[in-house]
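Asker: What follows is the file work_34.txt, containing compact mmCIF, C-alpha atoms:
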# COMPACT_ATOMS: atom_id res chain seq x y z
CA MET A 1 78.88 -42.60 -83.79
CA PRO A 2 75.50 -43.96 -82.59
CA GLY A 3 74.19 -42.48 -79.36
CA ASN A 4 73.81 -45.83 -77.60
CA VAL A 5 77.49 -46.55 -78.29
CA LEU A 6 78.33 -43.10 -76.95
CA SER A 7 76.38 -43.80 -73.79
CA SER A 8 78.28 -47.04 -73.31
CA LEU A 9 81.62 -45.34 -73.90
CA ILE A 10 80.77 -42.57 -71.47
CA ARG A 11 79.65 -45.04 -68.84
CA ASN A 12 82.75 -47.21 -69.18
CA ARG A 13 85.13 -44.27 -69.32
CA VAL A 14 83.71 -42.44 -66.36
CA CYS A 15 82.65 -45.22 -64.04
CA ARG A 16 86.02 -46.34 -62.70
CA ALA A 17 87.57 -42.89 -62.45
CA ALA A 18 84.49 -41.05 -61.23
CA LEU A 19 82.84 -43.57 -58.93
CA SER A 20 84.96 -42.83 -55.89
CA ILE A 21 84.74 -39.07 -56.57
CA LEU A 22 80.97 -38.92 -57.00
CA VAL A 23 80.01 -41.43 -54.34
CA PHE A 24 82.76 -40.69 -51.84
CA ALA A 25 80.77 -38.09 -49.92
CA PHE A 26 77.78 -40.40 -49.60
CA LEU A 27 79.90 -43.38 -48.57
CA MET A 28 81.65 -41.32 -45.93
CA ALA A 29 78.36 -39.89 -44.69
CA ALA A 30 76.94 -43.39 -44.43
CA ALA A 31 79.92 -44.47 -42.36
CA CYS A 32 79.84 -41.42 -40.12
CA PRO A 33 77.01 -41.23 -37.55
CA SER A 34 77.69 -37.52 -37.03
CA ALA A 35 76.51 -36.89 -40.59
CA ARG A 36 73.01 -38.08 -39.79
CA CYS A 37 70.05 -35.77 -39.35
CA GLN A 38 66.79 -36.28 -37.53
CA ASP A 39 64.59 -36.66 -40.62
CA PHE A 40 66.80 -38.62 -42.99
CA SER A 41 69.83 -40.78 -42.41
CA LEU A 42 71.99 -42.83 -44.70
CA PRO A 43 72.45 -46.51 -43.88
CA GLU A 44 75.62 -47.76 -42.23
CA ILE A 45 77.62 -49.77 -44.76
CA PRO A 46 79.11 -53.01 -43.39
CA ASP A 47 82.87 -52.91 -42.97
CA SER A 48 83.06 -56.22 -44.82
CA LEU A 49 82.20 -54.38 -48.04
CA THR A 50 85.42 -52.73 -49.18
CA ALA A 51 85.11 -52.32 -52.96
CA PRO A 52 83.58 -48.94 -53.95
CA GLU A 53 81.13 -50.67 -56.31
CA GLU A 54 79.91 -53.00 -53.55
CA ARG A 55 79.54 -50.17 -51.08
CA ALA A 56 77.65 -48.05 -53.63
CA GLU A 57 75.26 -50.91 -54.41
CA TYR A 58 74.58 -51.52 -50.71
CA LEU A 59 74.08 -47.80 -50.16
CA CYS A 60 71.51 -47.56 -52.96
CA LEU A 61 69.61 -50.69 -51.93
CA HIS A 62 69.35 -49.51 -48.32
CA TRP A 63 69.13 -45.77 -49.00
CA TRP A 64 65.56 -45.49 -47.74
CA ASP A 65 65.85 -47.80 -44.73
CA GLY A 66 65.56 -44.90 -42.30
CA PHE A 67 62.85 -42.99 -44.16
CA ASP A 68 59.28 -43.04 -42.87
CA PHE A 69 57.13 -43.41 -46.01
CA SER A 70 53.98 -43.27 -43.88
CA ASP A 71 54.72 -39.70 -42.77
CA THR A 72 53.07 -37.66 -45.53
CA THR A 73 54.14 -34.39 -43.88
CA LEU A 74 57.58 -35.09 -45.36
CA ILE A 75 56.11 -34.43 -48.81
CA SER A 76 55.92 -30.74 -47.99
CA ARG A 77 59.54 -30.70 -46.82
CA PRO A 78 61.60 -30.74 -50.03
CA GLY A 79 64.79 -30.07 -48.12
CA VAL A 80 64.41 -33.55 -46.66
CA THR A 81 62.49 -35.78 -49.06
CA GLU A 82 63.25 -34.20 -52.43
CA GLN A 83 66.91 -33.62 -51.60
CA ALA A 84 67.25 -37.24 -50.47
CA PHE A 85 65.68 -38.32 -53.76
CA VAL A 86 68.06 -36.13 -55.79
CA ASP A 87 71.09 -37.51 -53.94
CA PHE A 88 69.77 -41.05 -54.51
CA LEU A 89 69.52 -40.43 -58.25
CA SER A 90 73.05 -39.06 -58.39
CA VAL A 91 74.49 -42.39 -57.21
CA LEU A 92 72.28 -44.76 -59.25
CA PRO A 93 74.15 -44.43 -62.59
CA TYR A 94 77.27 -45.89 -61.00
CA ILE A 95 75.88 -49.25 -59.91
CA ALA A 96 75.35 -52.30 -62.10
CA ASP A 97 71.57 -52.59 -61.69
CA ALA A 98 69.59 -49.46 -60.85
CA SER A 99 66.27 -51.26 -61.16
CA ALA A 100 66.64 -53.07 -57.82
CA PRO A 101 66.96 -49.95 -55.61
CA LEU A 102 64.27 -48.17 -57.62
CA ASP A 103 61.92 -51.12 -57.17
CA THR A 104 62.67 -51.21 -53.44
CA MET A 105 61.95 -47.49 -53.10
CA PHE A 106 58.66 -47.56 -55.01
CA ARG A 107 57.44 -50.71 -53.25
CA ARG A 108 57.99 -49.07 -49.86
CA ALA A 109 56.33 -45.87 -51.03
CA SER A 110 53.32 -47.77 -52.43
CA ALA A 111 52.11 -48.49 -48.89
CA GLU A 112 51.05 -44.83 -48.72
CA PRO A 113 49.31 -43.71 -51.97
CA GLU A 114 50.07 -40.02 -51.48
CA MET A 115 53.76 -40.71 -50.89
CA PHE A 116 53.89 -43.09 -53.86
CA SER A 117 52.45 -40.45 -56.17
CA HIS A 118 54.95 -37.93 -54.85
CA PHE A 119 57.92 -40.18 -55.58
CA VAL A 120 56.63 -40.95 -59.07
CA SER A 121 56.27 -37.21 -59.73
CA LEU A 122 59.82 -36.63 -58.48
CA GLY A 123 61.07 -39.27 -60.89
CA GLU A 124 59.24 -37.57 -63.75
CA LYS A 125 60.54 -34.17 -62.71
CA TYR A 126 64.20 -35.07 -62.46
CA LEU A 127 64.65 -37.84 -65.02
CA ALA A 128 62.30 -36.56 -67.75
CA GLY A 129 61.73 -32.88 -66.98
CA ARG A 130 62.68 -30.45 -69.76
CA TRP A 131 64.68 -28.21 -67.41
CA SER A 132 66.07 -30.87 -65.08
CA PRO A 133 69.83 -30.80 -64.44
CA MET A 134 69.63 -34.59 -64.01
CA ARG A 135 67.60 -35.44 -67.09
CA ASP A 136 68.50 -38.98 -68.14
CA GLU A 137 66.37 -40.98 -70.55
CA ASP A 138 68.27 -44.22 -69.90
CA MET A 139 67.52 -44.02 -66.17
CA TYR A 140 63.99 -42.85 -66.91
CA VAL A 141 63.43 -46.01 -68.97
CA VAL A 142 64.67 -48.10 -66.03
CA MET A 143 62.20 -46.33 -63.74
CA LEU A 144 59.32 -46.84 -66.15
CA ARG A 145 60.11 -50.55 -66.50
CA VAL A 146 59.97 -50.87 -62.72
CA LEU A 147 56.65 -49.03 -62.47
CA ALA A 148 55.12 -50.90 -65.41
CA SER A 149 55.87 -54.34 -64.00
CA GLY A 150 55.32 -53.88 -60.27
CA ASP A 151 52.24 -55.75 -59.02
CA PRO A 152 51.88 -53.66 -55.83
CA PHE A 153 51.60 -50.45 -57.82
CA PRO A 154 48.20 -48.97 -58.77
CA ALA A 155 46.84 -50.29 -62.07
CA GLY A 156 46.46 -46.76 -63.43
CA GLU A 157 50.09 -45.95 -62.69
CA ARG A 158 51.25 -49.20 -64.29
CA GLY A 159 49.24 -48.42 -67.43
CA LEU A 160 50.60 -44.88 -67.64
CA ALA A 161 54.14 -46.16 -67.14
CA ARG A 162 53.69 -48.68 -69.97
CA PHE A 163 52.52 -45.93 -72.31
CA ARG A 164 55.36 -43.59 -71.36
CA LEU A 165 57.83 -46.44 -71.71
CA GLU A 166 56.55 -47.22 -75.19
CA MET A 167 57.00 -43.58 -76.18
CA ALA A 168 60.41 -43.21 -74.54
CA LEU A 169 61.72 -46.22 -76.46
CA LYS A 170 60.89 -44.64 -79.81
CA ASN A 171 63.59 -42.95 -81.91
CA ARG A 172 66.41 -43.50 -79.47
CA PRO A 173 69.97 -42.42 -80.31
CA GLY A 174 71.57 -44.88 -82.70
CA GLU A 175 68.24 -46.05 -84.11
CA PRO A 176 66.64 -45.08 -87.43
CA ALA A 177 64.18 -42.21 -87.04
CA ALA A 178 60.52 -42.86 -87.83
CA ASP A 179 59.65 -41.58 -91.30
CA PHE A 180 56.74 -39.22 -91.96
CA SER A 181 55.47 -37.13 -94.84
CA PHE A 182 54.70 -33.42 -94.85
CA GLU A 183 53.53 -30.54 -97.01
CA LEU A 184 55.85 -27.73 -98.03
CA ALA A 185 54.90 -24.09 -98.46
CA ASP A 186 54.72 -24.43 -102.27
CA GLY A 187 52.10 -27.19 -101.92
CA SER A 188 54.45 -30.07 -102.75
CA ARG A 189 54.88 -33.06 -100.50
CA ASP A 190 58.03 -34.75 -99.26
CA SER A 191 59.13 -37.11 -96.51
CA LEU A 192 61.79 -37.14 -93.84
CA TYR A 193 63.82 -39.75 -95.71
CA GLY A 194 63.48 -37.76 -98.91
CA ILE A 195 65.63 -34.92 -97.56
CA ASP A 196 69.23 -35.06 -98.72
CA ALA A 197 71.45 -33.68 -95.97
CA GLU A 198 74.65 -34.66 -94.21
CA TYR A 199 72.99 -33.63 -90.97
CA LEU A 200 69.33 -32.84 -90.50
CA ILE A 201 67.98 -30.86 -87.57
CA VAL A 202 64.29 -31.65 -87.09
CA PHE A 203 62.44 -28.89 -85.27
CA PHE A 204 59.03 -30.13 -84.08
CA ASN A 205 56.95 -27.10 -83.20
CA ASP A 206 53.63 -25.31 -83.07
CA PRO A 207 53.72 -21.63 -84.16
CA ASP A 208 51.18 -20.79 -81.45
CA CYS A 209 53.58 -22.09 -78.77
CA VAL A 210 55.54 -19.27 -77.09
CA GLU A 211 58.56 -21.46 -76.38
CA CYS A 212 58.50 -22.70 -79.98
CA ARG A 213 58.69 -19.15 -81.29
CA SER A 214 61.51 -18.39 -78.88
CA LEU A 215 63.53 -21.42 -80.01
CA ARG A 216 62.85 -20.62 -83.67
CA SER A 217 64.32 -17.16 -83.11
CA GLU A 218 67.33 -18.68 -81.36
CA LEU A 219 67.93 -21.11 -84.22
CA ALA A 220 67.49 -18.44 -86.90
CA SER A 221 69.84 -15.97 -85.19
CA SER A 222 72.63 -18.42 -84.35
CA PRO A 223 75.75 -17.54 -86.37
CA GLU A 224 77.22 -20.99 -85.72
CA LEU A 225 74.15 -22.74 -87.07
CA GLY A 226 73.95 -20.26 -89.91
CA GLY A 227 77.50 -21.19 -90.90
CA LEU A 228 76.65 -24.90 -90.92
CA LEU A 229 73.59 -24.26 -93.08
CA ALA A 230 75.53 -22.01 -95.47
CA SER A 231 78.23 -24.65 -95.86
CA GLY A 232 75.63 -27.21 -96.85
CA ARG A 233 76.60 -29.58 -94.04
CA ALA A 234 73.23 -29.28 -92.33
CA LYS A 235 69.60 -28.46 -93.00
CA VAL A 236 66.72 -27.59 -90.71
CA LEU A 237 63.29 -29.17 -91.12
CA SER A 238 60.82 -27.02 -89.23
CA LEU A 239 57.68 -29.12 -88.89
CA ASN A 240 54.43 -27.57 -87.69
CA VAL A 241 52.88 -30.60 -85.99
CA ALA A 242 49.67 -28.71 -85.20
CA GLY A 243 48.60 -28.75 -88.84
CA GLY A 244 48.24 -25.00 -89.22
CA SER A 245 49.93 -22.37 -91.35
CA PHE A 246 53.51 -22.08 -92.54
CA ASP A 247 56.09 -19.73 -91.08
CA ALA A 248 57.39 -17.06 -93.41
CA GLY A 249 60.84 -15.63 -93.91
CA SER A 250 62.93 -18.64 -92.91
CA PRO A 251 66.71 -18.47 -93.31
CA SER A 252 68.48 -20.25 -96.14
CA GLY A 253 68.85 -23.94 -95.46
CA TRP A 254 65.45 -24.24 -93.77
CA LEU A 255 62.53 -26.34 -94.93
CA ASP A 256 59.26 -25.06 -93.51
CA ALA A 257 56.76 -27.90 -93.47
CA CYS A 258 53.33 -28.69 -92.11
CA ASP A 259 51.81 -31.96 -90.93
CA ARG A 260 48.27 -31.27 -92.19
CA GLY A 261 46.89 -34.57 -90.99
CA ARG A 262 48.69 -34.38 -87.63
CA THR A 263 49.93 -37.92 -88.25
CA VAL A 264 53.06 -37.46 -86.13
CA TYR A 265 50.70 -36.99 -83.19
CA SER A 266 47.90 -39.37 -84.15
CA ASP A 267 50.27 -42.22 -84.99
CA ALA A 268 52.45 -41.44 -81.96
CA LEU A 269 55.56 -41.49 -84.13
CA TYR A 270 57.59 -39.32 -81.76
CA ASP A 271 57.41 -38.52 -78.07
CA LEU A 272 56.19 -34.92 -78.17
CA ARG A 273 54.78 -34.48 -74.69
CA SER A 274 56.01 -30.89 -74.67
CA LEU A 275 57.05 -28.63 -77.51
CA PRO A 276 59.40 -27.56 -78.95
CA VAL A 277 61.51 -30.66 -79.61
CA LEU A 278 64.79 -30.88 -81.52
CA TYR A 279 66.37 -33.97 -83.07
CA LEU A 280 69.69 -34.29 -84.87
CA LEU A 281 69.78 -36.96 -87.58
CA SER A 282 72.62 -38.36 -89.67
CA SER A 283 72.60 -38.55 -93.47
CA ASP A 284 70.96 -42.00 -93.31
CA LYS A 285 68.38 -40.63 -90.83
CA HIS A 286 69.68 -42.37 -87.75
CA VAL A 287 69.13 -40.45 -84.52
CA LEU A 288 72.28 -38.77 -83.20
CA LEU A 289 70.64 -36.56 -80.57
CA LYS A 290 67.09 -36.91 -79.24
CA ASP A 291 65.01 -34.12 -77.68
CA THR A 292 68.14 -32.03 -77.50
CA SER A 293 69.25 -28.38 -77.48
CA LEU A 294 70.92 -26.08 -79.98
CA GLU A 295 73.99 -26.00 -77.75
CA ASP A 296 74.34 -29.79 -77.84
CA ILE A 297 73.79 -29.86 -81.59
CA LEU A 298 76.53 -27.31 -82.15
CA ASP A 299 78.85 -29.22 -79.84
CA CYS A 300 78.12 -32.39 -81.79
CA LEU A 301 78.93 -30.80 -85.14
CA SER A 302 81.77 -28.56 -84.04
CA ALA A 303 84.69 -30.87 -84.90
CA ASP A 304 84.12 -31.70 -88.56
CA GLY A 305 81.19 -33.91 -87.75
CA ASP A 306 82.90 -35.78 -84.92
CA ILE A 307 80.80 -35.96 -81.78
CA ALA A 308 82.61 -34.24 -78.95
CA ILE A 309 82.07 -35.72 -75.51
CA GLY A 310 82.26 -33.34 -72.59
CA ILE A 311 81.99 -34.74 -69.07
CA GLN A 312 81.94 -32.69 -65.92
CA LEU A 313 82.27 -34.51 -62.65
CA SER A 314 81.44 -33.24 -59.22
CA SER A 315 81.22 -34.77 -55.78
CA ALA A 316 78.78 -32.09 -54.68
CA SER A 317 75.15 -32.89 -54.06
CA THR A 318 72.82 -31.73 -56.83
CA PRO A 319 70.39 -29.12 -55.48
CA ILE A 320 66.66 -29.43 -55.93
CA TYR A 321 65.12 -27.13 -58.51
CA SER A 322 61.78 -25.52 -59.24
CA VAL A 323 59.83 -26.38 -62.39
CA ARG A 324 59.57 -23.38 -64.70
Could you write out this structure as structure tokens?
Answerer:
Amino acid sequence: MPGNVLSSLIRNRVCRAALSILVFAFLMAAACPSARCQDFSLPEIPDSLTAPEERAEYLCLHWWDGFDFSDTTLISRPGVTEQAFVDFLSVLPYIADASAPLDTMFRRASAEPEMFSHFVSLGEKYLAGRWSPMRDEDMYVVMLRVLASGDPFPAGERGLARFRLEMALKNRPGEPAADFSFELADGSRDSLYGIDAEYLIVFFNDPDCVECRSLRSELASSPELGGLLASGRAKVLSLNVAGGSFDAGSPSGWLDACDRGRTVYSDALYDLRSLPVLYLLSSDKHVLLKDTSLEDILDCLSADGDIAIGIQLSSASTPIYSVR
């Protein structure tokens, strides 16, 4: 099932049942003056708005009404500013149009360049960060569209957002993966679309990258993945995108390849801002999982090829985290 269809199913399935659970604490806090603190307060939601969706939309649009964007000392107080940003992000997926509150937030922040840069960096950290518990490419794309089109925003930031948006929109779940050619260890050449496999795991890496070597070891030692490879259901294409040497001693079912001309990078075929990167492709080379993990790949392939959807809901506020 294409990833974009999955996203739609997840959104439709969860929204009605989860909205009141996830947003309830924020709606109650907004209606309760005793929940306010000196440095950040949620807006009071008009009593005339009774539907949870309406109240959530009002809350998001007015989330930052009581925040002083001119006070740059708040940047160094993550318990106030960063936590408020995290809580804001946790509500956005459950309103119809997240672009409006994001645009409002960035426009207010743009009056103070230092604060604007801080909020952009928070968006990058939580929506696109490799280790973020709130990583969400769909919401990240919404944020980038806002930053790329906003006239009040610095020209440099708009240009960077346009580039990142262009990259983020490549090879999305449900779309055909960009083809590329590569050299194999025996000197022969092949291409992505030339690989015959029910499922293909593409492992973009650089052997000199410590995290790449760690992930390679994890993949090679996984008994679950080993079983999939042995059954013939899946193959692994390990592509050295740095154009260097080949890895030796790969398990059965692996194709060790090298991009000698570094065309994946030079032609910007894939968004490889940080390595390693894993993709899961279908037999016709459509993207099932993008920039994913071994755990998610195994979950995806665990039920005879059916994609298993696991959703965990919580009304608790997501804590801020430190970048590794």
Asker: At what distance in Å, to one decimal, does CA of Ala234 in chain A lie from CA of Ala197 in chain A?
Answerer: 6.0 Å
Asker: Using only C-alpha atoms, which residue out of A:Thr73, A:Leu184, A:Tyr279, A:Pro207 lies closest to Trp254 in chain A?
Answerer: A:Leu184
Asker: What is the distance between CA of Leu288 in chain A and CA of Pro173 in chain A, in Å to one decimal?
Answerer: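 Spanning CA of Leu288 in chain A to CA of Pro173 in chain A is a straight-line distance of 5.2 Å.
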Asker: Using only C-alpha atoms for the distances, tell me which of A:Asn205, A:Ser221, A:Ser188, A:Ser90 is nearest to Met134 in chain A.
Answerer: A:Ser90
Asker: In terms of the shortest atom-to-atom distance over all atoms listed in the file, which of A:Glu54, A:Arg233, A:Pro319, A:Ser191 is closest to Phe85 in chain A?
Answerer: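 Checking each of A:Glu54, A:Arg233, A:Pro319, A:Ser191 against Phe85 in chain A, counting all atoms listed in the file, the winner is A:Pro319.
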Asker: Enclose the full set of atoms of range 237-252 of chain A listed in the file within a box whose edges lie along x, y and z, apply 5 Å of padding to each of the six sides, and report centre and edge lengths in Å to one decimal as AutoDock Vina command-line options.
Answerer:
--center_x 58.4 --center_y -23.1 --center_z -90.7 --size_x 30.2 --size_y 25.0 --size_z 20.9
Asker: For each of A:Asp65, A:Asp247, A:Glu137, A:Asp97, take the minimum atom-to-atom distance to Ala185 in chain A, counting all atoms listed in the file, then give the residue where this is smallest.
Answerer: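 Under the stated criterion, the closest residue is A:Asp247.
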Asker: With only C-alpha atoms as the basis for distance, which of A:Ile75, A:Met167, A:Leu278, A:Leu59 is at the shortest distance from Pro46 in chain A?
Answerer: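 The shortest atom-to-atom distance to Pro46 in chain A comes from A:Leu59.
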Asker: Enter the distance from CA of Phe40 in chain A to CA of Asp151 in chain A, in Å, rounded to one decimal.
Answerer: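 Computing the Euclidean distance for CA of Phe40 in chain A and CA of Asp151 in chain A yields 27.6 Å.
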